[in-house]
Each structure stands twice: as C-alpha cells, then as structure tokens.
file run-v1.json (JSON, C-alpha atoms)
[["chain", "number", "residue", "atom", "x", "y", "z"],
["A", 903, "MET", "CA", 3.33, 15.29, 31.66],
["A", 904, "ILE", "CA", 3.84, 16.95, 28.28],
["A", 905, "LEU", "CA", 3.98, 20.74, 27.93],
["A", 906, "ASN", "CA", 1.23, 22.28, 25.81],
["A", 907, "ASP", "CA", 1.46, 25.32, 23.54],
["A", 908, "THR", "CA", 0.66, 27.84, 26.29],
["A", 909, "GLU", "CA", 3.20, 26.32, 28.71],
["A", 910, "ILE", "CA", 5.95, 26.31, 26.06],
["A", 911, "LEU", "CA", 5.23, 29.93, 25.23],
["A", 912, "VAL", "CA", 5.10, 31.11, 28.86],
["A", 913, "ALA", "CA", 8.29, 29.18, 29.79],
["A", 914, "GLY", "CA", 10.26, 30.99, 27.08],
["A", 915, "ILE", "CA", 11.85, 27.74, 25.87],
["A", 916, "ILE", "CA", 12.18, 28.70, 22.18],
["A", 917, "SER", "CA", 13.71, 31.88, 20.76],
["A", 918, "PRO", "CA", 12.63, 33.27, 18.40],
["A", 919, "CYS", "CA", 9.23, 31.74, 18.99],
["A", 920, "HIS", "CA", 6.32, 31.91, 16.57],
["A", 921, "ALA", "CA", 3.18, 31.70, 18.71],
["A", 922, "ALA", "CA", 1.25, 30.00, 15.91],
["A", 923, "GLN", "CA", 1.97, 27.68, 13.00],
["A", 924, "ILE", "CA", 3.41, 29.52, 10.00],
["A", 925, "ARG", "CA", 2.05, 27.75, 6.92],
["A", 926, "SER", "CA", 2.67, 30.31, 4.20],
["A", 927, "VAL", "CA", 4.93, 33.26, 3.42],
["A", 928, "GLU", "CA", 3.66, 35.99, 1.13],
["A", 929, "GLY", "CA", 0.90, 33.65, -0.05],
["A", 930, "ARG", "CA", 3.30, 30.77, -0.88],
["A", 931, "PRO", "CA", 2.74, 27.51, 1.02],
["A", 932, "ILE", "CA", 5.72, 26.35, 3.09],
["A", 933, "ILE", "CA", 6.52, 23.40, 5.32],
["A", 934, "SER", "CA", 5.06, 24.67, 8.57],
["A", 935, "HIS", "CA", 7.01, 25.79, 11.60],
["A", 936, "GLY", "CA", 6.12, 27.40, 14.92],
["A", 937, "LEU", "CA", 4.12, 26.47, 17.99],
["A", 938, "SER", "CA", 1.87, 23.43, 17.77],
["A", 939, "SER", "CA", -0.55, 21.93, 20.30],
["A", 940, "PHE", "CA", 2.06, 19.94, 22.25],
["A", 941, "GLY", "CA", 5.38, 21.01, 20.77],
["A", 942, "TYR", "CA", 7.25, 23.32, 18.48],
["A", 943, "ASP", "CA", 8.10, 22.79, 14.82],
["A", 944, "LEU", "CA", 11.73, 23.86, 14.36],
["A", 945, "THR", "CA", 13.07, 25.67, 11.31],
["A", 946, "LEU", "CA", 16.09, 24.49, 9.31],
["A", 947, "ALA", "CA", 18.86, 27.10, 9.10],
["A", 948, "PRO", "CA", 20.31, 27.79, 5.63],
["A", 949, "GLU", "CA", 23.39, 25.64, 6.26],
["A", 950, "LEU", "CA", 23.73, 21.91, 5.62],
["A", 951, "LYS", "CA", 26.87, 19.76, 5.74],
["A", 952, "ALA", "CA", 26.84, 16.29, 4.18],
["A", 953, "PHE", "CA", 29.22, 13.42, 4.75],
["A", 954, "LYS", "CA", 31.39, 12.90, 1.68],
["A", 955, "GLN", "CA", 30.52, 9.93, -0.46],
["A", 956, "ARG", "CA", 33.15, 7.24, -0.05],
["A", 957, "THR", "CA", 34.19, 4.64, -2.58],
["A", 958, "LEU", "CA", 35.47, 1.17, -1.80],
["A", 959, "ASP", "CA", 39.09, 2.22, -2.37],
["A", 960, "MET", "CA", 38.95, 5.10, 0.15],
["A", 961, "SER", "CA", 40.40, 4.29, 3.53],
["A", 962, "GLY", "CA", 39.43, 5.66, 6.89],
["A", 963, "ALA", "CA", 36.45, 5.59, 9.14],
["A", 964, "ILE", "CA", 34.44, 8.18, 11.01],
["A", 965, "ASP", "CA", 35.67, 8.21, 14.59],
["A", 966, "PRO", "CA", 33.48, 10.00, 17.16],
["A", 967, "LYS", "CA", 36.51, 10.31, 19.47],
["A", 968, "ALA", "CA", 38.56, 12.06, 16.79],
["A", 969, "PHE", "CA", 36.01, 13.53, 14.42],
["A", 970, "ASP", "CA", 37.58, 14.89, 11.26],
["A", 971, "SER", "CA", 35.47, 17.77, 9.97],
["A", 972, "SER", "CA", 37.06, 17.32, 6.53],
["A", 973, "SER", "CA", 34.71, 14.34, 6.13],
["A", 974, "LEU", "CA", 31.91, 16.91, 5.67],
["A", 975, "ILE", "CA", 31.17, 19.11, 2.67],
["A", 976, "ASP", "CA", 28.89, 22.13, 2.52],
["A", 977, "LEU", "CA", 25.83, 21.52, 0.39],
["A", 978, "ASP", "CA", 24.94, 24.39, -1.90],
["A", 979, "LEU", "CA", 21.87, 26.45, -1.08],
["A", 980, "HIS", "CA", 19.81, 27.01, -4.24],
["A", 981, "ASP", "CA", 17.14, 29.60, -4.96],
["A", 982, "GLY", "CA", 14.25, 27.92, -6.68],
["A", 983, "PRO", "CA", 10.67, 28.53, -7.70],
["A", 984, "ARG", "CA", 9.50, 27.27, -4.29],
["A", 985, "ASP", "CA", 12.07, 29.04, -2.08],
["A", 986, "SER", "CA", 15.63, 28.23, -1.01],
["A", 987, "TYR", "CA", 16.56, 24.57, -0.85],
["A", 988, "PHE", "CA", 19.32, 21.99, -0.58],
["A", 989, "THR", "CA", 19.52, 18.83, -2.63],
["A", 990, "LEU", "CA", 20.35, 15.97, -0.27],
["A", 991, "PRO", "CA", 21.82, 13.17, -2.40],
["A", 992, "ARG", "CA", 20.36, 9.68, -2.15],
["A", 993, "ARG", "CA", 21.50, 7.58, 0.82],
["A", 994, "THR", "CA", 23.35, 10.58, 2.28],
["A", 995, "TYR", "CA", 23.68, 11.66, 5.90],
["A", 996, "ALA", "CA", 23.95, 15.37, 6.69],
["A", 997, "LEU", "CA", 24.13, 17.75, 9.64],
["A", 998, "GLY", "CA", 22.04, 20.89, 9.90],
["A", 999, "ARG", "CA", 20.83, 23.09, 12.72],
["A", 1000, "SER", "CA", 17.76, 24.86, 13.99],
["A", 1001, "LEU", "CA", 17.27, 28.58, 13.49],
["A", 1002, "GLU", "CA", 15.77, 28.64, 16.98],
["A", 1003, "ARG", "CA", 17.71, 28.64, 20.23],
["A", 1004, "ILE", "CA", 16.28, 26.26, 22.83],
["A", 1005, "LYS", "CA", 16.50, 26.49, 26.61],
["A", 1006, "VAL", "CA", 15.21, 23.30, 28.21],
["A", 1007, "PRO", "CA", 13.73, 23.83, 31.70],
["A", 1008, "VAL", "CA", 15.51, 21.91, 34.48],
["A", 1009, "ASN", "CA", 12.36, 19.80, 35.00],
["A", 1010, "ALA", "CA", 11.91, 18.85, 31.33],
["A", 1011, "LEU", "CA", 13.32, 16.58, 28.65],
["A", 1012, "GLY", "CA", 12.96, 17.47, 24.96],
["A", 1013, "ILE", "CA", 12.40, 14.81, 22.32],
["A", 1014, "CYS", "CA", 12.72, 15.71, 18.65],
["A", 1015, "THR", "CA", 11.00, 13.89, 15.79],
["A", 1016, "ALA", "CA", 10.66, 14.32, 12.03],
["A", 1017, "LYS", "CA", 7.82, 16.28, 10.50],
["A", 1018, "SER", "CA", 5.43, 13.98, 8.66],
["A", 1019, "THR", "CA", 5.81, 15.88, 5.37],
["A", 1020, "TYR", "CA", 9.49, 14.94, 5.20],
["A", 1021, "ALA", "CA", 9.07, 11.49, 6.76],
["A", 1022, "ARG", "CA", 6.66, 10.61, 3.94],
["A", 1023, "CYS", "CA", 9.39, 11.58, 1.44],
["A", 1024, "GLY", "CA", 12.04, 9.34, 3.03],
["A", 1025, "LEU", "CA", 13.87, 11.85, 5.24],
["A", 1026, "VAL", "CA", 14.94, 10.50, 8.61],
["A", 1027, "VAL", "CA", 15.56, 13.13, 11.30],
["A", 1028, "ASN", "CA", 17.75, 11.71, 14.02],
["A", 1029, "THR", "CA", 18.38, 13.83, 17.10],
["A", 1030, "THR", "CA", 19.28, 12.91, 20.63],
["A", 1031, "PRO", "CA", 17.25, 13.94, 23.70],
["A", 1032, "LEU", "CA", 17.48, 17.55, 24.85],
["A", 1033, "GLU", "CA", 18.43, 17.09, 28.50],
["A", 1034, "PRO", "CA", 17.21, 19.13, 31.49],
["A", 1035, "GLY", "CA", 19.10, 22.44, 31.60],
["A", 1036, "TRP", "CA", 20.56, 22.12, 28.07],
["A", 1037, "GLU", "CA", 20.51, 25.20, 25.90],
["A", 1038, "GLY", "CA", 21.72, 26.15, 22.47],
["A", 1039, "TYR", "CA", 20.94, 25.75, 18.79],
["A", 1040, "LEU", "CA", 19.97, 22.18, 18.01],
["A", 1041, "THR", "CA", 22.19, 20.23, 15.62],
["A", 1042, "LEU", "CA", 19.95, 18.11, 13.42],
["A", 1043, "GLU", "CA", 21.03, 14.85, 11.83],
["A", 1044, "LEU", "CA", 19.29, 14.19, 8.50],
["A", 1045, "TYR", "CA", 19.38, 11.05, 6.37],
["A", 1046, "ASN", "CA", 17.91, 10.63, 2.91],
["A", 1047, "ALA", "CA", 16.84, 6.99, 3.05],
["A", 1048, "THR", "CA", 15.72, 6.90, -0.58],
["A", 1049, "ASP", "CA", 17.47, 6.05, -3.84],
["A", 1050, "GLN", "CA", 16.63, 9.50, -5.22],
["A", 1051, "ASP", "CA", 17.87, 12.99, -4.39],
["A", 1052, "LEU", "CA", 15.66, 14.79, -1.88],
["A", 1053, "ILE", "CA", 14.86, 18.50, -1.74],
["A", 1054, "VAL", "CA", 15.15, 19.96, 1.78],
["A", 1055, "TYR", "CA", 13.95, 23.53, 2.25],
["A", 1056, "ALA", "CA", 15.89, 26.08, 4.29],
["A", 1057, "ASN", "CA", 14.03, 28.52, 6.57],
["A", 1058, "GLU", "CA", 11.06, 26.14, 6.78],
["A", 1059, "GLY", "CA", 9.91, 23.46, 9.20],
["A", 1060, "ILE", "CA", 12.15, 20.39, 9.55],
["A", 1061, "ALA", "CA", 11.37, 18.67, 12.87],
["A", 1062, "GLN", "CA", 9.12, 18.89, 15.92],
["A", 1063, "VAL", "CA", 10.34, 19.01, 19.50],
["A", 1064, "PHE", "CA", 8.10, 18.24, 22.46],
["A", 1065, "PHE", "CA", 8.84, 18.49, 26.17],
["A", 1066, "LEU", "CA", 8.10, 15.96, 28.89],
["A", 1067, "THR", "CA", 8.22, 17.18, 32.48],
["A", 1068, "GLY", "CA", 9.00, 15.55, 35.79],
["A", 1069, "LYS", "CA", 10.74, 16.26, 39.06],
["A", 1070, "VAL", "CA", 13.99, 18.22, 38.83],
["A", 1071, "PRO", "CA", 16.93, 15.78, 38.63],
["A", 1072, "SER", "CA", 19.79, 15.98, 41.14],
["A", 1073, "VAL", "CA", 22.20, 16.97, 38.33],
["A", 1074, "THR", "CA", 21.19, 18.75, 35.12],
["A", 1075, "TYR", "CA", 23.08, 18.92, 31.84],
["A", 1076, "ALA", "CA", 24.15, 22.47, 32.75],
["A", 1077, "ASP", "CA", 25.32, 21.35, 36.21],
["A", 1078, "ARG", "CA", 27.68, 18.77, 34.74],
["A", 1079, "ASN", "CA", 28.96, 21.18, 32.07],
["A", 1080, "GLY", "CA", 27.80, 18.98, 29.18],
["A", 1081, "LYS", "CA", 30.04, 19.12, 26.10],
["A", 1082, "TYR", "CA", 27.24, 20.43, 23.87],
["A", 1083, "GLN", "CA", 26.01, 23.10, 26.31],
["A", 1084, "ASP", "CA", 25.53, 26.53, 24.74],
["A", 1085, "GLN", "CA", 26.38, 25.32, 21.25],
["A", 1086, "GLY", "CA", 26.29, 28.35, 19.04],
["A", 1087, "PRO", "CA", 24.61, 29.16, 15.80],
["A", 1088, "GLU", "CA", 26.83, 26.82, 13.79],
["A", 1089, "ILE", "CA", 26.65, 23.11, 13.10],
["A", 1090, "VAL", "CA", 28.41, 21.27, 15.93],
["A", 1091, "THR", "CA", 30.08, 17.94, 15.11],
["A", 1092, "ALA", "CA", 30.90, 15.03, 17.45],
["A", 1093, "ARG", "CA", 32.90, 15.86, 20.59],
["A", 1094, "VAL", "CA", 34.39, 13.75, 23.36]]
call {"tool": "encode", "arguments": {"input": "run-v1.json", "output": "structure tokens"}}
result
Amino acid sequence: MILNDTEILVAGIISPCHAAQIRSVEGRPIISHGLSSFGYDLTLAPELKAFKQRTLDMSGAIDPKAFDSSSLIDLDLHDGPRDSYFTLPRRTYALGRSLERIKVPVNALGICTAKSTYARCGLVVNTTPLEPGWEGYLTLELYNATDQDLIVYANEGIAQVFFLTGKVPSVTYADRNGKYQDQGPEIVTARV
C-alpha cells in the first residue's frame, strides 16, 4: 500500500511539513514543494557540491571505500531575478540535500524520484531507498545529463518521495545501526 497525503501528515514523517503544495512565494511562481496526493515534494537546501571536472591527464578514481571529499567543490549560490540558484555545469554530478528531515516508519519504505519539471530539463535525481526506521536529512544525487549548464533552484522543490507500507521487518535500518542513520543537516558523502 502507498501512504496518502493524510497518512503522511498524521504519521509525522516529514519535518518541517507543508500540508499543501507551495507553488508561489510572494506572488512569484516557484518549483513546487510540500505534500502531494501520494507523497511529498522535497526542497533543495542552499548547498550543492559538484564533483570536480577531470581531464585525461589527471590520475585517480573515486573510491566509495575511501571517499576523498577533496573531489568535491562547492557550487556558488547566486541571487537572480527568479530567486537563488546554482548553475550545474553540463554532464556534471553533484550532491545536495533536503531541507526536510525524514523519519521513515518501521513498516514503510521511501522511494524518491525526480520532479517532472527538472526531468524535462535533463536533470537526473538519483537517490537510494529510504529504509524502514531510517531518519535524517536526505542526501540527493543530481546529474545534469545535458550538454548545457542547468539552473537548479535552492529552497524550491527538487524531488518527490513516496512511501510504500508492509509488515514490519525483523530488522530495521535503525536496529542495525545503518551508517547513514541520523545524518545531519549537511551533505553526507560515501561511507563504508
């Protein structure tokens, strides 16, 4: 079964939680965020870290067992005519995070997908499942699949998460002390 808007709200899964879709701020249209019929549209925090562009003569590889955070650079947050934004260079992968803290019920699994507004512009949002009992701020993996720079707005909708429910598993993510449990309000890189 999938949780609907009322069930998500009553369960207290998202904090802060907007009980309706926010589509404008002070009369300006924005990329929506907040509660939807069967999910929640998450907001991108004003922090984005991109993988450095490598040239053929650069050595080294990204190793998930020994992640080197120096392979990431902070992207500048710009103030523009349509609100604060990042410019995600073409064919670039970046890490961001949600402004919302999520607490997945022990009988649910969260799945996160891209918002159609961004998907239609070539942005791929890649996140892993939110396991039963996991809680924290969600690290978002973003990829600009186009050959042009892409504007990504901070403090606006970036991805939608929905929750599937079932019987409580014998061991939850919290029970096994998962390595990403309680990740704080910063971007969390690969851990082993």
call {"tool": "closest_residue", "arguments": {"input": "run-v1.json", "among": "A:Ser917, A:Thr1091, A:Lys1017, A:Val1008", "to": "Thr1067 in chain A", "atoms": "only C-alpha atoms"}}
result
A:Val1008
call {"tool": "residues_around", "arguments": {"input": "run-v1.json", "residues": "Glu1088 in chain A", "least_positions_apart": "5", "cutoff": "9 Å", "atoms": "all atoms listed in the file", "output": "number ranges by chain"}}
result
A: 949, 998-999, 1039, 1041
call {"tool": "closest_residue", "arguments": {"input": "run-v1.json", "among": "A:Ala968, A:Leu990, A:Leu1032, A:Leu944", "to": "Phe1065 in chain A", "atoms": "all atoms listed in the file"}}
result
A:Leu1032
call {"tool": "closest_residue", "arguments": {"input": "run-v1.json", "among": "A:Asp1084, A:Pro991, A:Gly1024, A:Glu1058", "to": "Asp978 in chain A", "atoms": "all atoms listed in the file"}}
result
A:Pro991
call {"tool": "residues_around", "arguments": {"input": "run-v1.json", "residues": "range 906-911 of chain A", "least_positions_apart": "3", "cutoff": "7 Å", "atoms": "all atoms listed in the file", "output": "list in words"}}
result
Gly914, Ile915, Leu937, Ser938, Ser939, Phe940 and Gly941 of chain A
call {"tool": "closest_residue", "arguments": {"input": "run-v1.json", "among": "A:Tyr1082, A:Tyr1020, A:Tyr1055, A:Tyr987", "to": "Glu1033 in chain A", "atoms": "all atoms listed in the file"}}
result
A:Tyr1082
call {"tool": "residues_around", "arguments": {"input": "run-v1.json", "residues": "range 982-984 of chain A", "least_positions_apart": "5", "cutoff": "9 Å", "atoms": "all atoms listed in the file", "output": "MDAnalysis selection string"}}
result
chainID A and resid 930:932 1055
call {"tool": "residues_near_point", "arguments": {"input": "run-v1.json", "point": "(20.9, 18.4, 12.2)", "cutoff": "10 Å", "atoms": "only C-alpha atoms", "output": "list of chain:residue names"}}
result
A:Leu946, A:Ala947, A:Glu949, A:Leu950, A:Lys951, A:Tyr995, A:Ala996, A:Leu997, A:Gly998, A:Arg999, A:Ser1000, A:Val1027, A:Asn1028, A:Thr1029, A:Tyr1039, A:Leu1040, A:Thr1041, A:Leu1042, A:Glu1043, A:Leu1044, A:Tyr1045, A:Ile1060, A:Ala1061, A:Ile1089, A:Val1090, A:Thr1091
call {"tool": "closest_residue", "arguments": {"input": "run-v1.json", "among": "A:His935, A:His920, A:His980, A:Arg1078", "to": "Asn1057 in chain A", "atoms": "all atoms listed in the file"}}
result
A:His935
call {"tool": "closest_residue", "arguments": {"input": "run-v1.json", "among": "A:Leu1052, A:Leu905, A:Ala963, A:Leu1011", "to": "Tyr1075 in chain A", "atoms": "all atoms listed in the file"}}
result
A:Leu1011
call {"tool": "atom_distance", "arguments": {"input": "run-v1.json", "atom1": "CA of Asp1077 in chain A", "atom2": "CA of Pro918 in chain A"}}
result
24.9 Å
call {"tool": "decode", "arguments": {"input": "run-v1.json", "residues": "range 1018-1030 of chain A", "atoms": "all heavy atoms", "output": "PDB file, in the first residue's frame"}}
result
ATOM      1  N   SER A1018       8.997  16.274 -12.312  1.00  0.00           N
ATOM      2  CA  SER A1018       8.913  16.302 -13.773  1.00  0.00           C
ATOM      3  C   SER A1018       9.455  17.599 -14.368  1.00  0.00           C
ATOM      4  O   SER A1018      10.015  17.587 -15.464  1.00  0.00           O
ATOM      5  CB  SER A1018       7.476  16.051 -14.232  1.00  0.00           C
ATOM      6  OG  SER A1018       6.604  17.037 -13.721  1.00  0.00           O
ATOM      7  N   THR A1019       9.333  18.714 -13.665  1.00  0.00           N
ATOM      8  CA  THR A1019       9.847  19.985 -14.181  1.00  0.00           C
ATOM      9  C   THR A1019      11.338  19.873 -14.469  1.00  0.00           C
ATOM     10  O   THR A1019      11.819  20.285 -15.529  1.00  0.00           O
ATOM     11  CB  THR A1019       9.582  21.123 -13.173  1.00  0.00           C
ATOM     12  OG1 THR A1019       8.169  21.252 -13.002  1.00  0.00           O
ATOM     13  CG2 THR A1019      10.161  22.443 -13.647  1.00  0.00           C
ATOM     14  N   TYR A1020      12.081  19.300 -13.533  1.00  0.00           N
ATOM     15  CA  TYR A1020      13.525  19.133 -13.736  1.00  0.00           C
ATOM     16  C   TYR A1020      13.841  17.999 -14.701  1.00  0.00           C
ATOM     17  O   TYR A1020      14.767  18.100 -15.507  1.00  0.00           O
ATOM     18  CB  TYR A1020      14.239  18.907 -12.404  1.00  0.00           C
ATOM     19  CG  TYR A1020      14.528  20.183 -11.660  1.00  0.00           C
ATOM     20  CD1 TYR A1020      14.061  20.389 -10.378  1.00  0.00           C
ATOM     21  CD2 TYR A1020      15.301  21.191 -12.241  1.00  0.00           C
ATOM     22  CE1 TYR A1020      14.341  21.558  -9.690  1.00  0.00           C
ATOM     23  CE2 TYR A1020      15.582  22.366 -11.570  1.00  0.00           C
ATOM     24  CZ  TYR A1020      15.102  22.541 -10.282  1.00  0.00           C
ATOM     25  OH  TYR A1020      15.387  23.701  -9.623  1.00  0.00           O
ATOM     26  N   ALA A1021      13.102  16.900 -14.610  1.00  0.00           N
ATOM     27  CA  ALA A1021      13.360  15.760 -15.505  1.00  0.00           C
ATOM     28  C   ALA A1021      13.235  16.196 -16.966  1.00  0.00           C
ATOM     29  O   ALA A1021      14.005  15.766 -17.818  1.00  0.00           O
ATOM     30  CB  ALA A1021      12.389  14.624 -15.199  1.00  0.00           C
ATOM     31  N   ARG A1022      12.300  17.087 -17.252  1.00  0.00           N
ATOM     32  CA  ARG A1022      12.094  17.566 -18.616  1.00  0.00           C
ATOM     33  C   ARG A1022      13.197  18.512 -19.076  1.00  0.00           C
ATOM     34  O   ARG A1022      13.290  18.846 -20.254  1.00  0.00           O
ATOM     35  CB  ARG A1022      10.745  18.264 -18.723  1.00  0.00           C
ATOM     36  CG  ARG A1022       9.601  17.282 -18.520  1.00  0.00           C
ATOM     37  CD  ARG A1022       8.279  17.982 -18.326  1.00  0.00           C
ATOM     38  NE  ARG A1022       7.319  17.033 -17.787  1.00  0.00           N
ATOM     39  CZ  ARG A1022       6.064  16.962 -18.162  1.00  0.00           C
ATOM     40  NH1 ARG A1022       5.597  17.785 -19.079  1.00  0.00           N
ATOM     41  NH2 ARG A1022       5.263  16.092 -17.613  1.00  0.00           N
ATOM     42  N   CYS A1023      14.041  18.944 -18.121  1.00  0.00           N
ATOM     43  CA  CYS A1023      15.182  19.808 -18.452  1.00  0.00           C
ATOM     44  C   CYS A1023      16.492  19.028 -18.478  1.00  0.00           C
ATOM     45  O   CYS A1023      17.552  19.609 -18.703  1.00  0.00           O
ATOM     46  CB  CYS A1023      15.286  20.943 -17.428  1.00  0.00           C
ATOM     47  SG  CYS A1023      13.908  22.094 -17.498  1.00  0.00           S
ATOM     48  N   GLY A1024      16.440  17.727 -18.213  1.00  0.00           N
ATOM     49  CA  GLY A1024      17.640  16.891 -18.282  1.00  0.00           C
ATOM     50  C   GLY A1024      18.300  16.597 -16.956  1.00  0.00           C
ATOM     51  O   GLY A1024      19.398  16.057 -16.916  1.00  0.00           O
ATOM     52  N   LEU A1025      17.658  16.956 -15.842  1.00  0.00           N
ATOM     53  CA  LEU A1025      18.225  16.667 -14.525  1.00  0.00           C
ATOM     54  C   LEU A1025      17.799  15.277 -14.073  1.00  0.00           C
ATOM     55  O   LEU A1025      16.607  14.957 -14.060  1.00  0.00           O
ATOM     56  CB  LEU A1025      17.773  17.696 -13.491  1.00  0.00           C
ATOM     57  CG  LEU A1025      18.406  17.523 -12.107  1.00  0.00           C
ATOM     58  CD1 LEU A1025      19.893  17.876 -12.146  1.00  0.00           C
ATOM     59  CD2 LEU A1025      17.687  18.390 -11.089  1.00  0.00           C
ATOM     60  N   VAL A1026      18.778  14.471 -13.714  1.00  0.00           N
ATOM     61  CA  VAL A1026      18.514  13.142 -13.173  1.00  0.00           C
ATOM     62  C   VAL A1026      18.704  13.224 -11.662  1.00  0.00           C
ATOM     63  O   VAL A1026      19.747  13.690 -11.195  1.00  0.00           O
ATOM     64  CB  VAL A1026      19.472  12.092 -13.776  1.00  0.00           C
ATOM     65  CG1 VAL A1026      19.253  10.725 -13.151  1.00  0.00           C
ATOM     66  CG2 VAL A1026      19.324  12.043 -15.288  1.00  0.00           C
ATOM     67  N   VAL A1027      17.695  12.817 -10.905  1.00  0.00           N
ATOM     68  CA  VAL A1027      17.791  12.753  -9.451  1.00  0.00           C
ATOM     69  C   VAL A1027      17.913  11.282  -9.086  1.00  0.00           C
ATOM     70  O   VAL A1027      17.019  10.490  -9.359  1.00  0.00           O
ATOM     71  CB  VAL A1027      16.568  13.402  -8.765  1.00  0.00           C
ATOM     72  CG1 VAL A1027      16.658  13.266  -7.248  1.00  0.00           C
ATOM     73  CG2 VAL A1027      16.447  14.864  -9.161  1.00  0.00           C
ATOM     74  N   ASN A1028      19.039  10.949  -8.489  1.00  0.00           N
ATOM     75  CA  ASN A1028      19.335   9.559  -8.161  1.00  0.00           C
ATOM     76  C   ASN A1028      19.467   9.433  -6.644  1.00  0.00           C
ATOM     77  O   ASN A1028      20.404   9.956  -6.068  1.00  0.00           O
ATOM     78  CB  ASN A1028      20.647   9.162  -8.844  1.00  0.00           C
ATOM     79  CG  ASN A1028      21.038   7.747  -8.555  1.00  0.00           C
ATOM     80  OD1 ASN A1028      20.190   6.881  -8.433  1.00  0.00           O
ATOM     81  ND2 ASN A1028      22.329   7.508  -8.456  1.00  0.00           N
ATOM     82  N   THR A1029      18.511   8.796  -6.019  1.00  0.00           N
ATOM     83  CA  THR A1029      18.616   8.540  -4.581  1.00  0.00           C
ATOM     84  C   THR A1029      18.333   7.072  -4.334  1.00  0.00           C
ATOM     85  O   THR A1029      17.678   6.408  -5.128  1.00  0.00           O
ATOM     86  CB  THR A1029      17.625   9.393  -3.754  1.00  0.00           C
ATOM     87  OG1 THR A1029      16.307   9.088  -4.172  1.00  0.00           O
ATOM     88  CG2 THR A1029      17.885  10.872  -3.941  1.00  0.00           C
ATOM     89  N   THR A1030      18.833   6.586  -3.230  1.00  0.00           N
ATOM     90  CA  THR A1030      18.613   5.194  -2.876  1.00  0.00           C
ATOM     91  C   THR A1030      17.383   5.088  -1.996  1.00  0.00           C
ATOM     92  O   THR A1030      16.907   6.090  -1.458  1.00  0.00           O
ATOM     93  CB  THR A1030      19.849   4.637  -2.160  1.00  0.00           C
ATOM     94  OG1 THR A1030      20.140   5.461  -1.040  1.00  0.00           O
ATOM     95  CG2 THR A1030      21.052   4.613  -3.092  1.00  0.00           C
TER      96      THR A1030
END
